[in-house]
file query.cif (mmCIF, N, CA and C atoms)
data_start
loop_
_atom_site.label_atom_id
_atom_site.label_comp_id
_atom_site.auth_asym_id
_atom_site.auth_seq_id
_atom_site.Cartn_x
_atom_site.Cartn_y
_atom_site.Cartn_z
N MET A 1 -1.64 18.26 -6.85
CA MET A 1 -2.75 19.17 -6.82
C MET A 1 -3.64 18.81 -5.65
N ASP A 2 -3.91 19.75 -4.79
CA ASP A 2 -4.79 19.53 -3.65
C ASP A 2 -6.21 19.94 -4.01
N PHE A 3 -7.13 19.04 -3.73
CA PHE A 3 -8.54 19.30 -4.00
C PHE A 3 -9.23 19.76 -2.73
N THR A 4 -10.28 20.52 -2.86
CA THR A 4 -11.09 20.91 -1.71
C THR A 4 -12.02 19.75 -1.37
N ASP A 5 -12.60 19.80 -0.17
CA ASP A 5 -13.56 18.77 0.23
C ASP A 5 -14.74 18.73 -0.72
N GLN A 6 -15.17 19.89 -1.17
CA GLN A 6 -16.29 19.97 -2.12
C GLN A 6 -15.93 19.28 -3.44
N GLU A 7 -14.71 19.49 -3.92
CA GLU A 7 -14.28 18.85 -5.17
C GLU A 7 -14.19 17.34 -5.02
N TYR A 8 -13.68 16.87 -3.87
CA TYR A 8 -13.66 15.42 -3.62
C TYR A 8 -15.08 14.86 -3.65
N GLU A 9 -16.00 15.56 -3.01
CA GLU A 9 -17.38 15.10 -2.95
C GLU A 9 -18.00 15.06 -4.34
N GLU A 10 -17.76 16.08 -5.15
CA GLU A 10 -18.30 16.11 -6.51
C GLU A 10 -17.74 14.97 -7.36
N MET A 11 -16.45 14.67 -7.20
CA MET A 11 -15.86 13.56 -7.94
C MET A 11 -16.48 12.24 -7.51
N ALA A 12 -16.66 12.04 -6.21
CA ALA A 12 -17.26 10.81 -5.71
C ALA A 12 -18.69 10.64 -6.22
N VAL A 13 -19.46 11.72 -6.21
CA VAL A 13 -20.84 11.67 -6.72
C VAL A 13 -20.84 11.25 -8.19
N GLN A 14 -19.97 11.84 -8.97
CA GLN A 14 -19.92 11.52 -10.40
C GLN A 14 -19.52 10.06 -10.65
N VAL A 15 -18.54 9.58 -9.90
CA VAL A 15 -18.10 8.19 -10.07
C VAL A 15 -19.22 7.23 -9.69
N ILE A 16 -19.92 7.50 -8.60
CA ILE A 16 -21.03 6.63 -8.19
C ILE A 16 -22.15 6.67 -9.22
N ARG A 17 -22.50 7.85 -9.71
CA ARG A 17 -23.55 7.96 -10.73
C ARG A 17 -23.17 7.14 -11.97
N THR A 18 -21.94 7.26 -12.41
CA THR A 18 -21.48 6.52 -13.59
C THR A 18 -21.50 5.02 -13.33
N TYR A 19 -21.04 4.59 -12.16
CA TYR A 19 -21.01 3.17 -11.83
C TYR A 19 -22.42 2.58 -11.80
N LEU A 20 -23.36 3.30 -11.18
CA LEU A 20 -24.72 2.79 -11.06
C LEU A 20 -25.49 2.85 -12.37
N ASN A 21 -24.98 3.62 -13.33
CA ASN A 21 -25.59 3.70 -14.65
C ASN A 21 -27.03 4.21 -14.56
N LYS A 22 -27.24 5.15 -13.65
CA LYS A 22 -28.57 5.72 -13.41
C LYS A 22 -28.39 7.20 -13.11
N ASP A 23 -29.26 8.01 -13.65
CA ASP A 23 -29.12 9.46 -13.53
C ASP A 23 -29.73 9.98 -12.23
N PHE A 24 -29.21 9.49 -11.08
CA PHE A 24 -29.66 9.98 -9.79
C PHE A 24 -29.18 11.42 -9.60
N SER A 25 -29.93 12.20 -8.82
CA SER A 25 -29.51 13.56 -8.52
C SER A 25 -28.34 13.52 -7.53
N ASP A 26 -27.60 14.62 -7.49
CA ASP A 26 -26.47 14.72 -6.55
C ASP A 26 -26.95 14.53 -5.12
N ASP A 27 -28.06 15.15 -4.77
CA ASP A 27 -28.60 15.06 -3.41
C ASP A 27 -28.99 13.62 -3.06
N TYR A 28 -29.59 12.92 -4.01
CA TYR A 28 -29.99 11.53 -3.78
C TYR A 28 -28.75 10.67 -3.50
N ILE A 29 -27.71 10.86 -4.28
CA ILE A 29 -26.49 10.08 -4.10
C ILE A 29 -25.85 10.41 -2.76
N ARG A 30 -25.78 11.71 -2.43
CA ARG A 30 -25.18 12.11 -1.14
C ARG A 30 -25.95 11.52 0.04
N LYS A 31 -27.27 11.47 -0.07
CA LYS A 31 -28.10 10.97 1.03
C LYS A 31 -28.07 9.45 1.14
N ASN A 32 -28.17 8.75 0.02
CA ASN A 32 -28.34 7.31 0.05
C ASN A 32 -27.05 6.50 -0.02
N PHE A 33 -25.97 7.11 -0.48
CA PHE A 33 -24.72 6.37 -0.63
C PHE A 33 -23.57 7.08 0.10
N LYS A 34 -23.90 7.69 1.26
CA LYS A 34 -22.92 8.49 1.98
C LYS A 34 -21.74 7.65 2.49
N PHE A 35 -21.97 6.41 2.85
CA PHE A 35 -20.87 5.58 3.35
C PHE A 35 -19.89 5.23 2.23
N ALA A 36 -20.41 4.95 1.05
CA ALA A 36 -19.54 4.68 -0.10
C ALA A 36 -18.75 5.94 -0.46
N MET A 37 -19.41 7.08 -0.41
CA MET A 37 -18.72 8.34 -0.70
C MET A 37 -17.63 8.60 0.33
N TYR A 38 -17.94 8.37 1.60
CA TYR A 38 -16.98 8.58 2.68
C TYR A 38 -15.71 7.74 2.47
N ARG A 39 -15.91 6.45 2.17
CA ARG A 39 -14.75 5.57 1.96
C ARG A 39 -13.96 5.99 0.72
N MET A 40 -14.65 6.35 -0.35
CA MET A 40 -13.99 6.75 -1.58
C MET A 40 -13.17 8.02 -1.37
N ILE A 41 -13.73 8.99 -0.68
CA ILE A 41 -13.04 10.25 -0.43
C ILE A 41 -11.84 10.04 0.49
N ASN A 42 -12.01 9.24 1.54
CA ASN A 42 -10.88 8.96 2.44
C ASN A 42 -9.75 8.25 1.71
N LYS A 43 -10.10 7.31 0.86
CA LYS A 43 -9.08 6.59 0.09
C LYS A 43 -8.33 7.56 -0.83
N ALA A 44 -9.06 8.46 -1.47
CA ALA A 44 -8.44 9.44 -2.38
C ALA A 44 -7.51 10.37 -1.61
N LYS A 45 -7.94 10.83 -0.44
CA LYS A 45 -7.10 11.72 0.36
C LYS A 45 -5.84 11.01 0.85
N GLN A 46 -5.97 9.77 1.27
CA GLN A 46 -4.81 9.00 1.72
C GLN A 46 -3.84 8.78 0.58
N LEU A 47 -4.36 8.44 -0.57
CA LEU A 47 -3.52 8.20 -1.73
C LEU A 47 -2.79 9.46 -2.15
N GLU A 48 -3.49 10.58 -2.13
CA GLU A 48 -2.88 11.85 -2.51
C GLU A 48 -1.77 12.24 -1.54
N GLY A 49 -1.97 12.00 -0.26
CA GLY A 49 -0.99 12.40 0.74
C GLY A 49 0.17 11.45 0.92
N SER A 50 0.07 10.24 0.37
CA SER A 50 1.08 9.23 0.65
C SER A 50 2.04 8.95 -0.49
N LYS A 51 1.83 9.51 -1.65
CA LYS A 51 2.70 9.16 -2.77
C LYS A 51 3.21 10.39 -3.49
N PRO A 52 4.46 10.35 -3.84
CA PRO A 52 4.99 11.43 -4.67
C PRO A 52 4.35 11.38 -6.06
N THR A 53 4.09 12.52 -6.64
CA THR A 53 3.45 12.60 -7.95
C THR A 53 4.30 11.93 -9.02
N GLY A 54 3.67 11.08 -9.83
CA GLY A 54 4.34 10.47 -10.95
C GLY A 54 5.18 9.25 -10.63
N VAL A 55 5.28 8.85 -9.37
CA VAL A 55 6.11 7.71 -9.00
C VAL A 55 5.23 6.47 -8.98
N LYS A 56 5.65 5.45 -9.71
CA LYS A 56 4.90 4.21 -9.73
C LYS A 56 5.61 3.14 -8.91
N SER A 57 6.94 3.18 -8.87
CA SER A 57 7.69 2.16 -8.16
C SER A 57 9.01 2.73 -7.65
N ILE A 58 9.41 2.33 -6.44
CA ILE A 58 10.69 2.73 -5.86
C ILE A 58 11.38 1.48 -5.36
N THR A 59 12.64 1.31 -5.69
CA THR A 59 13.42 0.19 -5.19
C THR A 59 14.69 0.74 -4.56
N GLU A 60 14.94 0.33 -3.33
CA GLU A 60 16.15 0.74 -2.62
C GLU A 60 16.70 -0.48 -1.91
N GLY A 61 17.78 -1.01 -2.44
CA GLY A 61 18.34 -2.23 -1.88
C GLY A 61 17.37 -3.38 -2.05
N ASP A 62 17.04 -4.03 -0.94
CA ASP A 62 16.11 -5.16 -0.97
C ASP A 62 14.65 -4.73 -0.80
N VAL A 63 14.44 -3.46 -0.59
CA VAL A 63 13.09 -2.96 -0.33
C VAL A 63 12.52 -2.36 -1.61
N SER A 64 11.32 -2.78 -1.97
CA SER A 64 10.64 -2.27 -3.15
C SER A 64 9.24 -1.82 -2.78
N MET A 65 8.86 -0.64 -3.25
CA MET A 65 7.52 -0.11 -3.00
C MET A 65 6.89 0.29 -4.32
N THR A 66 5.64 -0.06 -4.51
CA THR A 66 4.89 0.34 -5.70
C THR A 66 3.68 1.12 -5.24
N PHE A 67 3.44 2.27 -5.85
CA PHE A 67 2.31 3.10 -5.50
C PHE A 67 1.21 2.91 -6.53
N GLU A 68 -0.03 3.08 -6.07
CA GLU A 68 -1.15 3.03 -6.99
C GLU A 68 -1.13 4.27 -7.86
N ASN A 69 -1.70 4.16 -9.04
CA ASN A 69 -1.84 5.33 -9.90
C ASN A 69 -2.79 6.32 -9.26
N ALA A 70 -2.59 7.60 -9.52
CA ALA A 70 -3.48 8.62 -8.98
C ALA A 70 -4.91 8.40 -9.46
N SER A 71 -5.06 7.84 -10.65
CA SER A 71 -6.40 7.61 -11.19
C SER A 71 -7.14 6.52 -10.42
N ASP A 72 -6.42 5.73 -9.61
CA ASP A 72 -7.05 4.68 -8.81
C ASP A 72 -7.77 5.23 -7.59
N ALA A 73 -7.62 6.51 -7.31
CA ALA A 73 -8.23 7.10 -6.13
C ALA A 73 -9.75 7.02 -6.19
N PHE A 74 -10.33 7.19 -7.34
CA PHE A 74 -11.78 7.18 -7.48
C PHE A 74 -12.23 6.01 -8.34
N VAL A 75 -11.85 4.81 -7.91
CA VAL A 75 -12.24 3.58 -8.58
C VAL A 75 -13.19 2.84 -7.65
N ILE A 76 -14.22 2.25 -8.21
CA ILE A 76 -15.16 1.46 -7.42
C ILE A 76 -14.53 0.08 -7.19
N ASP A 77 -13.88 -0.08 -6.05
CA ASP A 77 -13.28 -1.37 -5.72
C ASP A 77 -14.31 -2.24 -4.98
N ASP A 78 -13.90 -3.44 -4.56
CA ASP A 78 -14.84 -4.36 -3.92
C ASP A 78 -15.43 -3.78 -2.63
N GLU A 79 -14.63 -3.03 -1.89
CA GLU A 79 -15.13 -2.43 -0.66
C GLU A 79 -16.25 -1.43 -0.94
N ILE A 80 -16.07 -0.61 -1.97
CA ILE A 80 -17.08 0.38 -2.33
C ILE A 80 -18.31 -0.32 -2.93
N LYS A 81 -18.09 -1.34 -3.76
CA LYS A 81 -19.21 -2.08 -4.35
C LYS A 81 -20.12 -2.67 -3.28
N ALA A 82 -19.53 -3.10 -2.18
CA ALA A 82 -20.32 -3.69 -1.09
C ALA A 82 -21.25 -2.66 -0.46
N LEU A 83 -20.95 -1.39 -0.61
CA LEU A 83 -21.76 -0.32 -0.03
C LEU A 83 -22.77 0.25 -1.02
N LEU A 84 -22.77 -0.25 -2.25
CA LEU A 84 -23.65 0.26 -3.30
C LEU A 84 -24.55 -0.84 -3.83
N PRO A 85 -25.71 -0.48 -4.38
CA PRO A 85 -26.54 -1.50 -5.03
C PRO A 85 -25.93 -1.91 -6.37
N SER A 86 -26.46 -2.95 -6.95
CA SER A 86 -25.98 -3.37 -8.27
C SER A 86 -26.28 -2.30 -9.30
N PRO A 87 -25.40 -2.15 -10.29
CA PRO A 87 -25.64 -1.15 -11.35
C PRO A 87 -26.89 -1.47 -12.15
N TYR A 88 -27.51 -0.44 -12.67
CA TYR A 88 -28.69 -0.60 -13.52
C TYR A 88 -28.24 -0.96 -14.94
N ILE A 89 -29.07 -1.73 -15.61
CA ILE A 89 -28.80 -2.11 -17.00
C ILE A 89 -29.66 -1.23 -17.89
N ARG A 90 -29.05 -0.56 -18.84
CA ARG A 90 -29.80 0.27 -19.77
C ARG A 90 -30.21 -0.57 -20.97
N MET A 91 -31.44 -0.42 -21.35
CA MET A 91 -31.98 -1.20 -22.46
C MET A 91 -32.29 -0.28 -23.63
N TYR A 92 -31.25 0.13 -24.36
CA TYR A 92 -31.46 0.98 -25.54
C TYR A 92 -30.40 0.75 -26.56
#

call {"tool": "encode", "arguments": {"input": "query.cif", "output": "structure tokens"}}
result
Amino acid sequence: MDFTDQEYEEMAVQVIRTYLNKDFSDDYIRKNFKFAMYRMINKAKQLEGSKPTGVKSITEGDVSMTFENASDAFVIDDEIKALLPSPYIRMY
């Protein structure tokens, strides 16, 4: 499934909002965390374009390749964490 640039952006905004545990507006996230969004969207596009759907591992002779799950495209990894502030703690 190919997503539009707008859909990629909306997914990145939602993932960042959830990670930060703070109800920032979409505009605030787009303005203040644009580098994290950029890296997340590029990673998702690369992952989508580089792996056949549903394939987790391929072995041919001595060569073995394992692909990340499609759900890993919008995960806050260490690179993205470095571009974001620490998550907020909710006290309720």

call {"tool": "closest_residue", "arguments": {"input": "query.cif", "among": "A:Gln14, A:Phe35, A:Arg30, A:Asp5", "to": "Ile80 (chain A)", "atoms": "only C-alpha atoms"}}
result
A:Phe35

call {"tool": "closest_residue", "arguments": {"input": "query.cif", "among": "A:Leu84, A:Ile89, A:Ala12, A:Ala73", "to": "Ala44 (chain A)", "atoms": "only C-alpha atoms"}}
result
A:Ala73

call {"tool": "select_by_dssp", "arguments": {"input": "query.cif", "residues": "chain A", "states": "strand (DSSP E or B)", "output": "PyMOL selection string"}}
result
chain A and resi 57-60+63-66

call {"tool": "resolve_selection", "arguments": {"input": "query.cif", "expression": "the PyMOL selection byres ((chain A and resi 19) around 8)", "output": "list in words"}}
result
Val13, Gln14, Val15, Ile16, Arg17, Thr18, Leu20, Asn21, Lys22, Ile76, Pro85, Ser86, Pro87 and Tyr88 of chain A

call {"tool": "closest_residue", "arguments": {"input": "query.cif", "among": "A:Tyr8, A:Gln46, A:Ala36, A:Gly61", "to": "Glu79 (chain A)", "atoms": "all atoms listed in the file"}}
result
A:Ala36

call {"tool": "axis_aligned_box", "arguments": {"input": "query.cif", "around": "region 79-91 of chain A", "padding_each_side": "5 Å", "output": "AutoDock Vina command-line options"}}
result
--center_x -23.5 --center_y -1.7 --center_z -11.8 --size_x 27.7 --size_y 14.1 --size_z 33.6

call {"tool": "select_by_dssp", "arguments": {"input": "query.cif", "residues": "chain A", "states": "helix (DSSP H, G or I)", "output": "ChimeraX atom specification"}}
result
/A:5-20,26-32,34-50,70-74,78-81

call {"tool": "atom_distance", "arguments": {"input": "query.cif", "atom1": "atom N of Tyr28 (chain A)", "atom2": "atom C of Lys81 (chain A)"}}
result
18.3 Å
